[in-house]
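Asker: Dropping the structure in here first, questions after.
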Amino acid sequence: MKIKSKIEGSDDWLFIEEISDNYSPNTPLSEKNVNIKSLPAQKLVNYQLSAGGLFLVHSTMQFNANVKVLSEVEGESITSQFIFYGASPNADKKDTKSSRREGSRHNIRYIPSIKGKYPMVPDIEYKYFLLVLSKQYYFHLIDQHSLLHTDFVRGILKGKYTSFSAKDLPVTTEMKRVINDICECKRTGELKRMHTESRILELLMLQLEQMQSGVEEVDKYVIKQDDLRKLERARDILDAEYTYPPTIIELSKQIALNEFKLKRAFKEYFGTTVYGYVTRLRMEEARRLILDEKKSVGQVATAVGFNHQSHLTDAFKRYFGILPSEIKANDD
């Protein structure tokens with residue numbers, strides 16, 4: 001497949017990449033930084049990364065006139081797109097029109113082939129984070145038969161343009177953190193490839209989790225700075241103790257934040273409930289132990305805090321859409 005983008009009226013492409021339709025784990029990563037100073041652009045910076053079946057671009061752009069960005073995808077792809085927009089740092093703080101345009105949104109889409117024009121308003125700073133995956137790469141990350149994306153896969157198999165969510169959703173703080181982690185990674189070679197792929201899977205997981213929970217108003221609740229530190233502390237505790245995590249009451253006492261605030265603020269800040277976060281940690285570790293360390297399902301159940309093997313099996317099926325034994329079979 002091929003993906004390309006440019007400013008309407010310009011002869012220069014912001015990017016133009018030919019991407020393999022195959023998932024090729026042995027293909028080396030290719031990185032590129034592009035800083036464009038012509039056109040009506042006050043700021044236009046692209047970070048690009050590509051490999052077999054994957055293209056990633058992180059753009060910051062701002063214009064001094066109304067322009068349209070032309071984008072074109074030739075061939076089938078799954079895209080995960082994040083858009084952040086807000087008043088320029090140099091804009092007049094009294095400009096209420098600019099302040100009303102601040103926000104963020106994201107979605108996952110299957111695109112059989114498409115051309116589009118996207119208008120850009122002057123003096124608004126836009127930041128785009130776009131993942132373009134081949135079908136094979138996407139299904140390598142998330143099993144085609146997983147219950148996590150049944151309707152979405154149905155659209156893919158029909159070759160029909162499909163959005164995972166009927167409308168774009170706001171970007172959570174945890175999604176922003178993962179995006180920054182991808183873009184600021186200092187590793188090189190195979191370590192960078194492993195890091196990038198693991199973070200892409202985490203980002204897709206966060207998107208699917210939010211879309212399934214129906215969380216849409218994550219930006220409406222303002223969390224105090226002091227409470228943010230307490231939430232970070234809560235997450236650190238859960239990261240360390242997810243096998244046998246504290247109850248909500250115990251956790252609220254440990255971080256000195258009442259139960260109501262803890263439950264509400266945790267969901268707003270991290271895009272999932274405390275229980276959902278613990279479940280994610282347990283399931284991701286269970287998957288790793290099965291695939292990487294070849295542990296038995298009984299051993300894994302004990303390792304991630306389940307008293308009975310059947311409890312892990314049920315939770316694993318609900319989370320990934322397949323049984324632990326099936327993921328072992330797929331790996332073999």
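Lettering and numbering for the structure tokens are positional, with chains as A, B, ... in the shown order, residues counted from 1 in each chain, and ligands counted from 1 in the shown order.
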Find the residues near Tyr242 (chain A): any atom within 8 Å, counting only C-alpha atoms, skip ones fewer than 2 places away on the same chain, and give them as a list in words.
Answerer: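 After dropping sequence-adjacent residues, the list is Ile237, Leu238, Asp239, Ala240, Tyr244, Pro245, Val278, Leu281, Arg282, Val304 and Gly305 of chain A.
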Asker: So that I have them on file, write out the residues from the current selection with N, CA and C atoms, as a PDB file, in the first residue's frame.
Answerer:
```pdb
ATOM      1  N   ILE A 237       1.373   1.774  42.971  1.00  0.00           N
ATOM      2  CA  ILE A 237       1.020   0.705  43.913  1.00  0.00           C
ATOM      3  C   ILE A 237       0.412  -0.474  43.169  1.00  0.00           C
ATOM      4  N   LEU A 238      -0.505  -0.194  42.238  1.00  0.00           N
ATOM      5  CA  LEU A 238      -1.144  -1.262  41.472  1.00  0.00           C
ATOM      6  C   LEU A 238      -0.148  -1.972  40.569  1.00  0.00           C
ATOM      7  N   ASP A 239       0.792  -1.219  39.982  1.00  0.00           N
ATOM      8  CA  ASP A 239       1.830  -1.837  39.144  1.00  0.00           C
ATOM      9  C   ASP A 239       2.640  -2.847  39.945  1.00  0.00           C
ATOM     10  N   ALA A 240       2.893  -2.511  41.213  1.00  0.00           N
ATOM     11  CA  ALA A 240       3.731  -3.373  42.058  1.00  0.00           C
ATOM     12  C   ALA A 240       2.946  -4.511  42.708  1.00  0.00           C
ATOM     13  N   TYR A 244      -1.994  -9.350  43.957  1.00  0.00           N
ATOM     14  CA  TYR A 244      -2.950  -9.298  45.075  1.00  0.00           C
ATOM     15  C   TYR A 244      -3.139  -7.826  45.431  1.00  0.00           C
ATOM     16  N   PRO A 245      -3.931  -7.110  44.645  1.00  0.00           N
ATOM     17  CA  PRO A 245      -4.046  -5.655  44.794  1.00  0.00           C
ATOM     18  C   PRO A 245      -4.843  -5.252  46.030  1.00  0.00           C
ATOM     19  N   VAL A 278      -6.140  -3.136  36.836  1.00  0.00           N
ATOM     20  CA  VAL A 278      -5.569  -4.350  37.421  1.00  0.00           C
ATOM     21  C   VAL A 278      -5.770  -5.534  36.467  1.00  0.00           C
ATOM     22  N   LEU A 281      -3.230  -5.399  33.666  1.00  0.00           N
ATOM     23  CA  LEU A 281      -1.898  -5.827  34.095  1.00  0.00           C
ATOM     24  C   LEU A 281      -1.821  -7.347  34.217  1.00  0.00           C
ATOM     25  N   ARG A 282      -2.846  -7.935  34.810  1.00  0.00           N
ATOM     26  CA  ARG A 282      -2.860  -9.381  34.985  1.00  0.00           C
ATOM     27  C   ARG A 282      -2.893 -10.108  33.638  1.00  0.00           C
ATOM     28  N   VAL A 304      -0.318 -14.724  38.472  1.00  0.00           N
ATOM     29  CA  VAL A 304      -1.005 -13.433  38.302  1.00  0.00           C
ATOM     30  C   VAL A 304      -2.167 -13.258  39.282  1.00  0.00           C
ATOM     31  N   GLY A 305      -2.256 -14.141  40.292  1.00  0.00           N
ATOM     32  CA  GLY A 305      -3.177 -13.884  41.385  1.00  0.00           C
ATOM     33  C   GLY A 305      -4.540 -14.531  41.318  1.00  0.00           C
TER      34      GLY A 305
END
```
Asker: Looking at A:Val73, A:Ala286, A:Glu8, A:Lys294, which one is nearest to Phe306 (chain A), with distances taken over only C-alpha atoms?
Answerer: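 Looking only at the distances to Phe306 (chain A), the closest residue turns out to be A:Ala286.
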Asker: Run DSSP on the backbone and grab whatever in region 17-265 of chain A lands in strand (DSSP E); send it over as a PyMOL selection string.
Answerer: chain A and resi 17-18+30-35+41-51+54-63+67-74+77-87+103-111+114-120+124-133+162-163
Asker: Next, the residues of the selection above should be written as a CSV table (one decimal), in the first residue's frame with C-alpha atoms.
Answerer:
```csv
chain,number,residue,atom,x,y,z
A,17,GLU,CA,5.7,6.0,1.7
A,18,GLU,CA,5.3,2.6,0.1
A,30,SER,CA,13.6,3.4,9.1
A,31,GLU,CA,13.4,6.8,10.8
A,32,LYS,CA,13.1,10.3,9.3
A,33,ASN,CA,12.7,13.8,10.7
A,34,VAL,CA,11.3,16.4,8.3
A,35,ASN,CA,11.2,20.2,9.0
A,41,ALA,CA,3.4,27.0,7.3
A,42,GLN,CA,4.6,28.8,10.4
A,43,LYS,CA,5.5,25.3,11.8
A,44,LEU,CA,5.6,22.0,10.1
A,45,VAL,CA,7.6,19.2,11.6
A,46,ASN,CA,7.3,15.4,10.9
A,47,TYR,CA,8.8,12.5,12.7
A,48,GLN,CA,8.4,9.3,10.6
A,49,LEU,CA,9.1,5.7,11.3
A,50,SER,CA,8.4,2.7,9.0
A,51,ALA,CA,9.0,-1.0,8.9
A,54,LEU,CA,3.9,-0.3,9.6
A,55,PHE,CA,4.1,3.5,9.0
A,56,LEU,CA,4.1,6.0,11.8
A,57,VAL,CA,4.1,9.8,11.6
A,58,HIS,CA,4.0,12.4,14.3
A,59,SER,CA,3.4,15.9,13.0
A,60,THR,CA,3.2,19.3,14.5
A,61,MET,CA,1.8,22.0,12.2
A,62,GLN,CA,0.6,25.5,12.2
A,63,PHE,CA,-0.3,27.8,9.3
A,67,VAL,CA,-5.1,25.7,3.9
A,68,LYS,CA,-6.2,22.1,3.1
A,69,VAL,CA,-4.0,19.0,3.7
A,70,LEU,CA,-4.5,16.4,1.0
A,71,SER,CA,-4.1,12.8,2.1
A,72,GLU,CA,-4.3,9.6,0.1
A,73,VAL,CA,-4.1,6.0,0.9
A,74,GLU,CA,-3.8,3.4,-1.9
A,77,SER,CA,-4.9,-0.4,5.8
A,78,ILE,CA,-5.9,0.0,9.4
A,79,THR,CA,-5.2,3.4,10.8
A,80,SER,CA,-5.1,4.6,14.4
A,81,GLN,CA,-5.3,8.4,14.3
A,82,PHE,CA,-4.9,10.9,17.2
A,83,ILE,CA,-5.5,14.6,16.6
A,84,PHE,CA,-4.6,17.4,19.2
A,85,TYR,CA,-5.5,21.0,18.4
A,86,GLY,CA,-5.3,24.2,20.4
A,87,ALA,CA,-4.4,27.9,20.2
A,103,GLY,CA,-9.4,19.6,22.1
A,104,SER,CA,-8.3,16.1,21.1
A,105,ARG,CA,-9.8,13.1,19.4
A,106,HIS,CA,-9.0,9.6,18.2
A,107,ASN,CA,-10.4,6.6,16.3
A,108,ILE,CA,-9.4,3.4,14.6
A,109,ARG,CA,-10.4,2.9,11.0
A,110,TYR,CA,-10.2,0.4,8.2
A,111,ILE,CA,-9.5,2.1,4.9
A,114,ILE,CA,-9.3,6.9,0.2
A,115,LYS,CA,-8.5,10.4,-0.8
A,116,GLY,CA,-9.5,13.4,1.4
A,117,LYS,CA,-9.0,17.1,2.0
A,118,TYR,CA,-8.7,18.4,5.6
A,119,PRO,CA,-9.0,22.1,6.3
A,120,MET,CA,-6.5,23.8,8.7
A,124,ILE,CA,-4.2,26.9,15.6
A,125,GLU,CA,-1.4,24.4,16.4
A,126,TYR,CA,-2.3,20.9,15.3
A,127,LYS,CA,-0.5,17.7,16.4
A,128,TYR,CA,-1.2,14.5,14.6
A,129,PHE,CA,-0.1,11.0,15.6
A,130,LEU,CA,-1.0,8.5,12.8
A,131,LEU,CA,-0.4,4.8,12.7
A,132,VAL,CA,-0.9,3.0,9.5
A,133,LEU,CA,-0.9,-0.8,9.7
A,162,THR,CA,-15.2,1.2,8.8
A,163,SER,CA,-14.7,3.3,11.9
```
Asker: Please indicate the distance in Å from CA of Met211 (chain A) to CA of Asp227 (chain A), rounded to one decimal place.
Answerer: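 Distance between the two atoms: 25.6 Å.
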Asker: Check the smallest atom-to-atom distance from each of A:Gln136, A:Cys183, A:Val274, A:Glu285 to Ile249 (chain A) using only C-alpha atoms, then report the winner.
Answerer: A:Val274
Asker: Hey, what's within 7 Å of region 146-150 of chain A if we count only C-alpha atoms and toss same-chain stuff fewer than 6 positions away? As a list in words, please?
Answerer: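 In the requested form, the answer reads Phe320, Gly321 and Ile322 of chain A.
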Asker: List every residue of region 120-329 of chain A that DSSP, applied to the backbone of this structure, assigns to alpha helix (DSSP H), and report them as an MDAnalysis selection string.
Answerer: chainID A and resid 135:141 150:157 173:183 189:213 225:241 248:255 259:270 274:291 297:303 309:320 324:329
Asker: How would the residues just chosen look if you wrote them out with C-alpha atoms as a compact mmCIF listing (two decimals), in the first residue's frame?
Answerer:
```txt
# COMPACT_ATOMS: atom_id res chain seq x y z
CA LYS A 135 -4.08 -5.95 7.71
CA GLN A 136 -1.52 -8.65 8.40
CA TYR A 137 0.32 -6.43 10.91
CA TYR A 138 -2.93 -5.49 12.68
CA PHE A 139 -4.03 -9.13 12.95
CA HIS A 140 -0.57 -10.04 14.25
CA LEU A 141 -1.19 -7.63 17.14
CA THR A 150 -15.89 -8.56 15.97
CA ASP A 151 -17.93 -5.86 14.20
CA PHE A 152 -14.80 -4.04 13.05
CA VAL A 153 -13.37 -7.23 11.52
CA ARG A 154 -16.69 -7.86 9.78
CA GLY A 155 -16.28 -4.52 7.99
CA ILE A 156 -12.66 -5.33 7.11
CA LEU A 157 -13.63 -8.68 5.57
CA THR A 173 -3.78 11.10 29.55
CA GLU A 174 -2.49 7.53 29.41
CA MET A 175 -2.75 7.49 25.60
CA LYS A 176 -0.74 10.72 25.47
CA ARG A 177 1.90 9.13 27.68
CA VAL A 178 2.24 6.11 25.38
CA ILE A 179 2.48 8.34 22.28
CA ASN A 180 5.25 10.37 23.92
CA ASP A 181 7.02 7.16 24.88
CA ILE A 182 7.01 6.00 21.25
CA CYS A 183 8.24 9.32 19.85
CA GLY A 189 17.90 -1.40 16.28
CA GLU A 190 15.98 -4.47 17.40
CA LEU A 191 15.36 -3.06 20.88
CA LYS A 192 13.61 -0.05 19.34
CA ARG A 193 11.53 -2.33 17.13
CA MET A 194 10.42 -4.37 20.15
CA HIS A 195 9.71 -1.22 22.17
CA THR A 196 7.71 0.37 19.33
CA GLU A 197 5.59 -2.70 18.66
CA SER A 198 4.82 -3.22 22.35
CA ARG A 199 3.73 0.41 22.72
CA ILE A 200 1.60 0.25 19.57
CA LEU A 201 -0.20 -2.77 21.02
CA GLU A 202 -0.66 -0.90 24.31
CA LEU A 203 -2.07 2.13 22.47
CA LEU A 204 -4.55 0.01 20.51
CA MET A 205 -5.54 -1.71 23.74
CA LEU A 206 -6.23 1.63 25.43
CA GLN A 207 -8.35 2.71 22.46
CA LEU A 208 -10.37 -0.50 22.42
CA GLU A 209 -10.83 -0.35 26.18
CA GLN A 210 -12.21 3.19 26.04
CA MET A 211 -14.43 2.46 23.06
CA GLN A 212 -15.93 -0.60 24.72
CA SER A 213 -16.52 1.19 28.03
CA GLN A 225 -2.47 18.96 40.65
CA ASP A 226 -2.12 17.50 44.14
CA ASP A 227 -4.62 14.77 43.26
CA LEU A 228 -2.67 13.95 40.09
CA ARG A 229 0.33 13.04 42.21
CA LYS A 230 -1.88 10.81 44.35
CA LEU A 231 -3.25 9.10 41.24
CA GLU A 232 0.26 8.47 39.99
CA ARG A 233 1.05 6.96 43.39
CA ALA A 234 -2.06 4.75 43.12
CA ARG A 235 -0.91 3.50 39.74
CA ASP A 236 2.58 2.76 41.11
CA ILE A 237 1.02 0.70 43.91
CA LEU A 238 -1.14 -1.26 41.47
CA ASP A 239 1.83 -1.84 39.14
CA ALA A 240 3.73 -3.37 42.06
CA GLU A 241 0.86 -5.25 43.72
CA ILE A 248 -10.49 0.50 46.84
CA ILE A 249 -10.80 1.33 50.54
CA GLU A 250 -7.20 0.28 51.24
CA LEU A 251 -5.87 2.10 48.18
CA SER A 252 -7.71 5.31 49.03
CA LYS A 253 -6.17 5.27 52.51
CA GLN A 254 -2.68 4.64 51.14
CA ILE A 255 -2.81 7.67 48.83
CA GLU A 259 -12.94 6.56 47.60
CA PHE A 260 -15.31 8.61 45.43
CA LYS A 261 -12.52 10.87 44.16
CA LEU A 262 -10.21 7.92 43.62
CA LYS A 263 -12.71 6.00 41.48
CA ARG A 264 -13.85 9.00 39.46
CA ALA A 265 -10.45 10.65 38.98
CA PHE A 266 -8.67 7.38 38.19
CA LYS A 267 -11.11 6.66 35.37
CA GLU A 268 -10.87 10.20 34.01
CA TYR A 269 -7.08 10.34 34.19
CA PHE A 270 -6.18 6.84 33.00
CA VAL A 274 -9.06 0.68 38.99
CA TYR A 275 -10.44 -2.82 38.43
CA GLY A 276 -9.96 -2.48 34.68
CA TYR A 277 -6.36 -1.38 35.15
CA VAL A 278 -5.57 -4.35 37.42
CA THR A 279 -7.24 -6.72 34.95
CA ARG A 280 -5.12 -5.32 32.12
CA LEU A 281 -1.90 -5.83 34.10
CA ARG A 282 -2.86 -9.38 34.98
CA MET A 283 -3.89 -10.31 31.44
CA GLU A 284 -0.84 -8.80 29.78
CA GLU A 285 1.45 -10.62 32.21
CA ALA A 286 -0.50 -13.85 31.70
CA ARG A 287 -0.10 -13.52 27.93
CA ARG A 288 3.64 -12.86 28.31
CA LEU A 289 4.16 -15.85 30.60
CA ILE A 290 2.32 -18.17 28.20
CA LEU A 291 4.04 -16.96 25.04
CA VAL A 297 -2.08 -22.21 32.43
CA GLY A 298 -2.04 -23.44 36.05
CA GLN A 299 1.35 -21.85 36.70
CA VAL A 300 0.24 -18.60 35.10
CA ALA A 301 -2.96 -18.50 37.16
CA THR A 302 -0.93 -18.64 40.38
CA ALA A 303 1.60 -16.11 39.10
CA GLN A 309 -7.06 -22.08 36.75
CA SER A 310 -10.67 -21.82 35.56
CA HIS A 311 -10.90 -18.24 36.88
CA LEU A 312 -7.91 -17.23 34.75
CA THR A 313 -9.32 -19.04 31.72
CA ASP A 314 -12.65 -17.19 32.03
CA ALA A 315 -10.97 -13.80 32.55
CA PHE A 316 -8.53 -14.41 29.66
CA LYS A 317 -11.40 -15.30 27.31
CA ARG A 318 -13.35 -12.17 28.29
CA TYR A 319 -10.28 -9.95 27.81
CA PHE A 320 -8.65 -11.35 24.66
CA PRO A 324 -5.14 -19.36 26.92
CA SER A 325 -4.75 -22.74 25.22
CA GLU A 326 -5.68 -21.20 21.87
CA ILE A 327 -3.03 -18.50 22.11
CA LYS A 328 -0.47 -21.25 22.75
CA ALA A 329 -1.72 -23.13 19.71
```
